[in-house]
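Chemist: My questions all concern the structure below.
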Amino acid sequence: ARPKDRYGRFMSNFNPYLSDQKHYTEGNAWQYTFLAPHDVPGLIAQCGGRDAFEKRLDTFFDKGFYNVNNEPSFLTPCLYHWIDRPNRTSDRVLEIISKHFNDGPQGLPGNDDSGSMSSWLVFHMMGLYPNAGFDQYVIHTPLLRSATIHLANGRDFTIKTPKLSERNCHIRSMRLNGKPYSSFFIDHKTILEGGTLELEMGK
């Protein structure tokens with residue numbers, strides 16, 4: 001995500017690792033490049049296709065460019081879903097939570113911003129995360145063996161992961177209300193109907 005100067009020209013000399021108020025707010029070029037929740041397939045195409053996009057994502061995380069404490073990067077760990085690698089989403093989320101969150105006085109890695117940081121953690125601990133502007137959530141490995149959402153319509157939606165462990169940390173199959181469920185995305189309207197999503201875990 002290259003900045004423009006005051007005349008609307010793309011800048012050729014800038015630091016893609018620097019976060020400042022001149023070119024970017026609460027993020028840098030690396031972080032903002034992945035901020036396209038409205039068109040992730042288009043972003044993948046612009047980055048050269050699925051393989052190139054996966055390499056770019058891996059570089060982003062492995063080089064430490066990811067910044068968990070600001071909203072521009074909130075969805076980025078989940079982008080592996082759009083290249084059919086939900087297992088990599090699970091790996092990244094677990095890595096981020098293990099490294100940056102704890103139950104001590106400094107347990108949140110940044111300003112909670114009216115609850116955004118806490119909600120990021122709660123969603124991911126349940127194994128769901130919403131994509132801004134859409135009625136879909138991605139499904140990945142939760143950190144809880146069971147979580148129930150008490151919905152405003154009086155129904156409950158429960159996620160069960162009975163065999164979850166450090167070894168069994170990847171989803172092998174899913175059942176929604178007892179029936180096989182094969183998508184790693186789930187619609188909001190489906191959650192509002194209530195029911196149980198059960199995740200079968202494995203190595």
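Labeling convention for the structure tokens: chains A, B, ... as they appear, residues from 1 per chain, ligands from 1 in order of appearance.
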Could you list, as a list in words, every residue within 6 Å of range 158-172 of chain A, counting only C-alpha atoms and ignoring same-chain residues fewer than 4 positions away?
Modeler: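 These residues fall inside the cut-off: Arg145, Ser146, Ala147, Thr148, Thr196, Leu197, Glu198, Leu199, Glu200, Met201, Gly202 and Lys203 of chain A.
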Chemist: Create the file for the chosen residues now, containing all heavy atoms and written as a PDB file, in the first residue's frame.
Modeler:
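What ended up in result18.pdb:
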ATOM      1  N   ARG A 145     -12.903 -25.947  24.941  1.00  0.00           N
ATOM      2  CA  ARG A 145     -13.566 -27.190  24.547  1.00  0.00           C
ATOM      3  C   ARG A 145     -15.064 -26.986  24.346  1.00  0.00           C
ATOM      4  O   ARG A 145     -15.707 -27.778  23.655  1.00  0.00           O
ATOM      5  CB  ARG A 145     -13.319 -28.268  25.611  1.00  0.00           C
ATOM      6  CG  ARG A 145     -11.904 -28.818  25.587  1.00  0.00           C
ATOM      7  CD  ARG A 145     -11.793 -30.113  26.378  1.00  0.00           C
ATOM      8  NE  ARG A 145     -10.462 -30.684  26.263  1.00  0.00           N
ATOM      9  CZ  ARG A 145      -9.481 -30.429  27.115  1.00  0.00           C
ATOM     10  NH1 ARG A 145      -9.693 -29.615  28.141  1.00  0.00           N
ATOM     11  NH2 ARG A 145      -8.295 -30.971  26.952  1.00  0.00           N
ATOM     12  N   SER A 146     -15.604 -25.936  24.928  1.00  0.00           N
ATOM     13  CA  SER A 146     -17.026 -25.642  24.742  1.00  0.00           C
ATOM     14  C   SER A 146     -17.272 -24.158  24.981  1.00  0.00           C
ATOM     15  O   SER A 146     -16.703 -23.565  25.898  1.00  0.00           O
ATOM     16  CB  SER A 146     -17.885 -26.469  25.707  1.00  0.00           C
ATOM     17  OG  SER A 146     -19.260 -26.196  25.507  1.00  0.00           O
ATOM     18  N   ALA A 147     -18.089 -23.564  24.130  1.00  0.00           N
ATOM     19  CA  ALA A 147     -18.474 -22.164  24.285  1.00  0.00           C
ATOM     20  C   ALA A 147     -19.898 -22.006  23.786  1.00  0.00           C
ATOM     21  O   ALA A 147     -20.260 -22.541  22.737  1.00  0.00           O
ATOM     22  CB  ALA A 147     -17.540 -21.254  23.504  1.00  0.00           C
ATOM     23  N   THR A 148     -20.711 -21.281  24.541  1.00  0.00           N
ATOM     24  CA  THR A 148     -22.108 -21.060  24.167  1.00  0.00           C
ATOM     25  C   THR A 148     -22.395 -19.568  24.072  1.00  0.00           C
ATOM     26  O   THR A 148     -22.077 -18.805  24.990  1.00  0.00           O
ATOM     27  CB  THR A 148     -23.062 -21.699  25.187  1.00  0.00           C
ATOM     28  OG1 THR A 148     -22.848 -23.119  25.197  1.00  0.00           O
ATOM     29  CG2 THR A 148     -24.517 -21.416  24.826  1.00  0.00           C
ATOM     30  N   THR A 196     -25.763 -26.439  17.484  1.00  0.00           N
ATOM     31  CA  THR A 196     -24.445 -26.858  17.961  1.00  0.00           C
ATOM     32  C   THR A 196     -23.525 -27.162  16.795  1.00  0.00           C
ATOM     33  O   THR A 196     -23.885 -27.898  15.868  1.00  0.00           O
ATOM     34  CB  THR A 196     -24.563 -28.125  18.841  1.00  0.00           C
ATOM     35  OG1 THR A 196     -25.377 -27.828  19.985  1.00  0.00           O
ATOM     36  CG2 THR A 196     -23.182 -28.573  19.320  1.00  0.00           C
ATOM     37  N   LEU A 197     -22.352 -26.558  16.827  1.00  0.00           N
ATOM     38  CA  LEU A 197     -21.299 -26.862  15.879  1.00  0.00           C
ATOM     39  C   LEU A 197     -20.237 -27.660  16.614  1.00  0.00           C
ATOM     40  O   LEU A 197     -19.632 -27.180  17.568  1.00  0.00           O
ATOM     41  CB  LEU A 197     -20.674 -25.570  15.321  1.00  0.00           C
ATOM     42  CG  LEU A 197     -19.514 -25.733  14.338  1.00  0.00           C
ATOM     43  CD1 LEU A 197     -19.991 -26.389  13.039  1.00  0.00           C
ATOM     44  CD2 LEU A 197     -18.861 -24.386  14.046  1.00  0.00           C
ATOM     45  N   GLU A 198     -20.036 -28.914  16.199  1.00  0.00           N
ATOM     46  CA  GLU A 198     -19.074 -29.779  16.866  1.00  0.00           C
ATOM     47  C   GLU A 198     -17.871 -30.005  15.966  1.00  0.00           C
ATOM     48  O   GLU A 198     -18.030 -30.371  14.794  1.00  0.00           O
ATOM     49  CB  GLU A 198     -19.697 -31.124  17.273  1.00  0.00           C
ATOM     50  CG  GLU A 198     -18.751 -31.981  18.098  1.00  0.00           C
ATOM     51  CD  GLU A 198     -19.450 -33.117  18.833  1.00  0.00           C
ATOM     52  OE1 GLU A 198     -20.699 -33.157  18.808  1.00  0.00           O
ATOM     53  OE2 GLU A 198     -18.744 -33.959  19.414  1.00  0.00           O
ATOM     54  N   LEU A 199     -16.698 -29.793  16.521  1.00  0.00           N
ATOM     55  CA  LEU A 199     -15.463 -29.897  15.765  1.00  0.00           C
ATOM     56  C   LEU A 199     -14.717 -31.168  16.171  1.00  0.00           C
ATOM     57  O   LEU A 199     -14.443 -31.380  17.345  1.00  0.00           O
ATOM     58  CB  LEU A 199     -14.575 -28.683  16.014  1.00  0.00           C
ATOM     59  CG  LEU A 199     -15.240 -27.304  15.876  1.00  0.00           C
ATOM     60  CD1 LEU A 199     -14.231 -26.208  16.186  1.00  0.00           C
ATOM     61  CD2 LEU A 199     -15.833 -27.127  14.504  1.00  0.00           C
ATOM     62  N   GLU A 200     -14.404 -31.998  15.187  1.00  0.00           N
ATOM     63  CA  GLU A 200     -13.593 -33.198  15.420  1.00  0.00           C
ATOM     64  C   GLU A 200     -12.137 -32.818  15.197  1.00  0.00           C
ATOM     65  O   GLU A 200     -11.752 -32.383  14.102  1.00  0.00           O
ATOM     66  CB  GLU A 200     -14.003 -34.312  14.465  1.00  0.00           C
ATOM     67  CG  GLU A 200     -13.183 -35.578  14.583  1.00  0.00           C
ATOM     68  CD  GLU A 200     -13.419 -36.341  15.876  1.00  0.00           C
ATOM     69  OE1 GLU A 200     -14.530 -36.209  16.440  1.00  0.00           O
ATOM     70  OE2 GLU A 200     -12.514 -37.062  16.315  1.00  0.00           O
ATOM     71  N   MET A 201     -11.322 -32.980  16.228  1.00  0.00           N
ATOM     72  CA  MET A 201      -9.944 -32.519  16.161  1.00  0.00           C
ATOM     73  C   MET A 201      -8.962 -33.656  15.930  1.00  0.00           C
ATOM     74  O   MET A 201      -9.256 -34.813  16.236  1.00  0.00           O
ATOM     75  CB  MET A 201      -9.577 -31.794  17.466  1.00  0.00           C
ATOM     76  CG  MET A 201     -10.543 -30.690  17.866  1.00  0.00           C
ATOM     77  SD  MET A 201     -10.732 -29.403  16.611  1.00  0.00           S
ATOM     78  CE  MET A 201      -9.095 -28.691  16.649  1.00  0.00           C
ATOM     79  N   GLY A 202      -7.801 -33.314  15.375  1.00  0.00           N
ATOM     80  CA  GLY A 202      -6.766 -34.304  15.164  1.00  0.00           C
ATOM     81  C   GLY A 202      -5.408 -33.628  15.067  1.00  0.00           C
ATOM     82  O   GLY A 202      -5.294 -32.404  15.166  1.00  0.00           O
ATOM     83  N   LYS A 203      -4.365 -34.429  14.845  1.00  0.00           N
ATOM     84  CA  LYS A 203      -3.002 -33.896  14.771  1.00  0.00           C
ATOM     85  C   LYS A 203      -2.787 -33.081  13.502  1.00  0.00           C
ATOM     86  O   LYS A 203      -1.896 -32.267  13.445  1.00  0.00           O
ATOM     87  CB  LYS A 203      -1.994 -35.038  14.823  1.00  0.00           C
ATOM     88  CG  LYS A 203      -2.045 -35.854  16.103  1.00  0.00           C
ATOM     89  CD  LYS A 203      -1.077 -37.012  16.019  1.00  0.00           C
ATOM     90  CE  LYS A 203      -1.217 -37.920  17.242  1.00  0.00           C
ATOM     91  NZ  LYS A 203      -0.305 -39.082  17.158  1.00  0.00           N
TER      92      LYS A 203
END
Chemist: Please run DSSP on the backbone and report, as a ChimeraX atom specification, all residues within range 4-202 of chain A that come out as strand (DSSP E).
Modeler: /A:128-130,136-139,146-150,156-160,170-176,179-180,185-187,195-202
Chemist: Compile the contact shell of Tyr80 in chain A as a ChimeraX atom specification: residues with an atom at most 10 Å away, counting only C-alpha atoms, same-chain residues fewer than 2 positions apart removed.
Modeler: /A:50,53-54,57-58,76-78,82-90,92
Chemist: Output N, CA and C atoms of each residue in that selection to a file, as a compact mmCIF listing (two decimals), in the first residue's frame.
Modeler:
# COMPACT_ATOMS: atom_id res chain seq x y z
N ARG A 50 -2.50 -17.42 -5.32
CA ARG A 50 -2.55 -18.07 -4.01
C ARG A 50 -1.18 -18.39 -3.43
N PHE A 53 0.61 -15.23 -2.49
CA PHE A 53 -0.06 -14.61 -1.35
C PHE A 53 0.30 -15.33 -0.05
N GLU A 54 0.35 -16.66 -0.11
CA GLU A 54 0.73 -17.42 1.09
C GLU A 54 2.16 -17.09 1.51
N LEU A 57 2.08 -13.69 3.16
CA LEU A 57 1.53 -13.79 4.51
C LEU A 57 2.55 -14.39 5.48
N ASP A 58 3.20 -15.47 5.06
CA ASP A 58 4.20 -16.11 5.92
C ASP A 58 5.33 -15.14 6.25
N THR A 76 -6.01 -10.10 9.52
CA THR A 76 -4.92 -10.67 8.73
C THR A 76 -4.62 -12.14 9.04
N PRO A 77 -4.61 -12.59 10.31
CA PRO A 77 -4.33 -14.02 10.54
C PRO A 77 -5.33 -14.95 9.87
N CYS A 78 -6.53 -14.45 9.60
CA CYS A 78 -7.59 -15.27 9.01
C CYS A 78 -7.53 -15.33 7.49
N TRP A 82 -8.87 -17.80 2.77
CA TRP A 82 -9.23 -17.52 1.37
C TRP A 82 -8.32 -18.24 0.39
N ILE A 83 -7.27 -18.89 0.89
CA ILE A 83 -6.43 -19.72 0.01
C ILE A 83 -6.52 -21.19 0.46
N ASP A 84 -7.64 -21.51 1.11
CA ASP A 84 -7.93 -22.89 1.54
C ASP A 84 -6.88 -23.46 2.48
N ARG A 85 -6.38 -22.61 3.39
CA ARG A 85 -5.42 -23.06 4.39
C ARG A 85 -5.90 -22.66 5.80
N PRO A 86 -7.11 -23.08 6.19
CA PRO A 86 -7.61 -22.70 7.52
C PRO A 86 -6.73 -23.22 8.66
N ASN A 87 -5.98 -24.29 8.39
CA ASN A 87 -5.06 -24.79 9.42
C ASN A 87 -3.99 -23.77 9.74
N ARG A 88 -3.58 -22.98 8.75
CA ARG A 88 -2.57 -21.95 8.98
C ARG A 88 -3.17 -20.78 9.77
N THR A 89 -4.45 -20.48 9.54
CA THR A 89 -5.12 -19.50 10.38
C THR A 89 -5.06 -19.95 11.84
N SER A 90 -5.41 -21.21 12.08
CA SER A 90 -5.40 -21.75 13.44
C SER A 90 -4.02 -21.62 14.07
N ARG A 92 -1.58 -19.51 13.33
CA ARG A 92 -1.21 -18.11 13.57
C ARG A 92 -1.97 -17.54 14.77
Chemist: Tell me, as an mmCIF file with N, CA, C and O atoms, in the first residue's frame, which residues lie within 9 Å of Asn69 in chain A, counting only C-alpha atoms; anything in the same chain fewer than 4 positions away does not count.
Modeler:
data_model
loop_
_atom_site.group_PDB
_atom_site.id
_atom_site.type_symbol
_atom_site.label_atom_id
_atom_site.label_comp_id
_atom_site.auth_asym_id
_atom_site.auth_seq_id
_atom_site.Cartn_x
_atom_site.Cartn_y
_atom_site.Cartn_z
ATOM 1 N N SER A 73 -4.733 -4.763 11.448
ATOM 2 C CA SER A 73 -4.227 -6.132 11.310
ATOM 3 C C SER A 73 -5.141 -7.179 11.934
ATOM 4 O O SER A 73 -4.774 -8.355 11.989
ATOM 5 N N PHE A 74 -6.309 -6.792 12.402
ATOM 6 C CA PHE A 74 -7.169 -7.739 13.124
ATOM 7 C C PHE A 74 -7.551 -8.955 12.292
ATOM 8 O O PHE A 74 -7.568 -10.073 12.783
ATOM 9 N N LEU A 108 -3.598 -7.477 27.923
ATOM 10 C CA LEU A 108 -3.962 -7.089 26.564
ATOM 11 C C LEU A 108 -2.786 -6.368 25.929
ATOM 12 O O LEU A 108 -2.152 -5.527 26.570
ATOM 13 N N PRO A 109 -2.467 -6.672 24.670
ATOM 14 C CA PRO A 109 -1.274 -6.102 24.050
ATOM 15 C C PRO A 109 -1.420 -4.663 23.571
ATOM 16 O O PRO A 109 -0.475 -4.096 23.030
ATOM 17 N N GLY A 110 -2.587 -4.064 23.738
ATOM 18 C CA GLY A 110 -2.771 -2.687 23.285
ATOM 19 C C GLY A 110 -4.008 -2.080 23.900
ATOM 20 O O GLY A 110 -4.672 -2.670 24.754
ATOM 21 N N ASN A 111 -4.331 -0.862 23.460
ATOM 22 C CA ASN A 111 -5.531 -0.158 23.915
ATOM 23 C C ASN A 111 -6.775 -0.964 23.519
ATOM 24 O O ASN A 111 -6.922 -1.343 22.362
ATOM 25 N N ASP A 112 -7.662 -1.181 24.472
ATOM 26 C CA ASP A 112 -8.837 -2.019 24.190
ATOM 27 C C ASP A 112 -9.825 -1.346 23.239
ATOM 28 O O ASP A 112 -10.693 -2.003 22.671
ATOM 29 N N MET A 117 -10.139 -5.012 21.309
ATOM 30 C CA MET A 117 -9.074 -5.981 21.599
ATOM 31 C C MET A 117 -9.631 -7.188 22.348
ATOM 32 O O MET A 117 -9.285 -8.339 22.049
#
Chemist: Would you pick out the contacts of Leu43 in chain A at 12 Å or less, using only C-alpha atoms, so that residues sharing its chain but fewer than 3 positions from it are not included, and give the list as JSON, numbers by chain?
Modeler: {"A": [1, 32, 33, 34, 35, 36, 37, 38, 39, 40, 46, 47, 48, 49, 50, 52, 53, 54, 56, 57, 76, 79, 82, 83]}
Chemist: Got time to write the residues from that selection, N, CA, C and O atoms, as a compact mmCIF listing (two decimals), in the first residue's frame?
Modeler:
# COMPACT_ATOMS: atom_id res chain seq x y z
N ALA A 1 0.86 -1.18 0.00
CA ALA A 1 0.00 0.00 0.00
C ALA A 1 0.89 1.23 0.00
O ALA A 1 1.32 1.72 1.04
N TYR A 32 -1.16 -2.31 6.15
CA TYR A 32 -2.29 -1.80 5.38
C TYR A 32 -2.46 -2.52 4.04
O TYR A 32 -3.55 -2.54 3.47
N THR A 33 -1.40 -3.12 3.53
CA THR A 33 -1.52 -3.86 2.28
C THR A 33 -2.54 -5.00 2.40
O THR A 33 -3.26 -5.31 1.46
N PHE A 34 -2.61 -5.61 3.58
CA PHE A 34 -3.53 -6.74 3.78
C PHE A 34 -4.93 -6.30 4.19
O PHE A 34 -5.81 -7.14 4.35
N LEU A 35 -5.14 -5.00 4.38
CA LEU A 35 -6.44 -4.52 4.85
C LEU A 35 -7.38 -4.29 3.67
O LEU A 35 -7.55 -3.17 3.17
N ALA A 36 -7.99 -5.37 3.20
CA ALA A 36 -8.96 -5.30 2.11
C ALA A 36 -10.09 -6.29 2.38
O ALA A 36 -10.35 -7.19 1.57
N PRO A 37 -10.77 -6.16 3.53
CA PRO A 37 -11.80 -7.15 3.88
C PRO A 37 -12.96 -7.19 2.90
O PRO A 37 -13.66 -8.19 2.81
N HIS A 38 -13.13 -6.12 2.13
CA HIS A 38 -14.23 -6.04 1.16
C HIS A 38 -13.95 -6.86 -0.10
O HIS A 38 -14.87 -7.17 -0.86
N ASP A 39 -12.67 -7.21 -0.35
CA ASP A 39 -12.33 -7.94 -1.58
C ASP A 39 -11.04 -8.74 -1.38
O ASP A 39 -10.01 -8.44 -2.00
N VAL A 40 -11.10 -9.74 -0.54
CA VAL A 40 -9.90 -10.56 -0.31
C VAL A 40 -9.48 -11.31 -1.58
O VAL A 40 -8.28 -11.36 -1.89
N GLN A 46 -4.04 -9.49 -6.86
CA GLN A 46 -3.07 -8.41 -6.98
C GLN A 46 -1.69 -8.81 -6.45
O GLN A 46 -0.67 -8.30 -6.90
N CYS A 47 -1.68 -9.74 -5.49
CA CYS A 47 -0.41 -10.19 -4.91
C CYS A 47 0.23 -11.32 -5.70
O CYS A 47 1.27 -11.84 -5.29
N GLY A 48 -0.41 -11.73 -6.81
CA GLY A 48 0.22 -12.74 -7.68
C GLY A 48 -0.37 -14.13 -7.58
O GLY A 48 0.22 -15.09 -8.07
N GLY A 49 -1.52 -14.27 -6.92
CA GLY A 49 -2.15 -15.58 -6.82
C GLY A 49 -1.93 -16.22 -5.47
O GLY A 49 -1.28 -15.68 -4.58
N ARG A 50 -2.50 -17.42 -5.32
CA ARG A 50 -2.55 -18.07 -4.01
C ARG A 50 -1.18 -18.39 -3.43
O ARG A 50 -0.91 -18.13 -2.26
N ALA A 52 1.81 -17.08 -4.14
CA ALA A 52 2.53 -15.85 -3.82
C ALA A 52 1.93 -15.17 -2.59
O ALA A 52 2.65 -14.62 -1.75
N PHE A 53 0.61 -15.23 -2.49
CA PHE A 53 -0.06 -14.61 -1.35
C PHE A 53 0.30 -15.33 -0.05
O PHE A 53 0.55 -14.69 0.98
N GLU A 54 0.35 -16.66 -0.11
CA GLU A 54 0.73 -17.42 1.09
C GLU A 54 2.16 -17.09 1.51
O GLU A 54 2.44 -16.91 2.71
N ARG A 56 3.72 -14.31 0.98
CA ARG A 56 3.72 -12.95 1.51
C ARG A 56 3.16 -12.93 2.93
O ARG A 56 3.70 -12.24 3.81
N LEU A 57 2.08 -13.69 3.16
CA LEU A 57 1.53 -13.79 4.51
C LEU A 57 2.55 -14.39 5.48
O LEU A 57 2.73 -13.89 6.60
N THR A 76 -6.01 -10.10 9.52
CA THR A 76 -4.92 -10.67 8.73
C THR A 76 -4.62 -12.14 9.04
O THR A 76 -4.39 -12.92 8.11
N LEU A 79 -6.66 -14.56 6.88
CA LEU A 79 -6.63 -14.49 5.42
C LEU A 79 -6.22 -15.81 4.78
O LEU A 79 -6.49 -16.04 3.60
N TRP A 82 -8.87 -17.80 2.77
CA TRP A 82 -9.23 -17.52 1.37
C TRP A 82 -8.32 -18.24 0.39
O TRP A 82 -8.57 -18.21 -0.82
N ILE A 83 -7.27 -18.89 0.89
CA ILE A 83 -6.43 -19.72 0.01
C ILE A 83 -6.52 -21.19 0.46
O ILE A 83 -5.61 -21.98 0.23
Chemist: Can you tell me how far CA of Asp113 in chain A sits from CA of Pro142 in chain A, in Å to one decimal?
Modeler: 23.5 Å
Chemist: Can you check which residues of range 19-186 of chain A DSSP gives as alpha helix (DSSP H) on the backbone and send them as a PyMOL selection string?
Modeler: chain A and resi 29-33+40-46+50-62+86-100+116-126
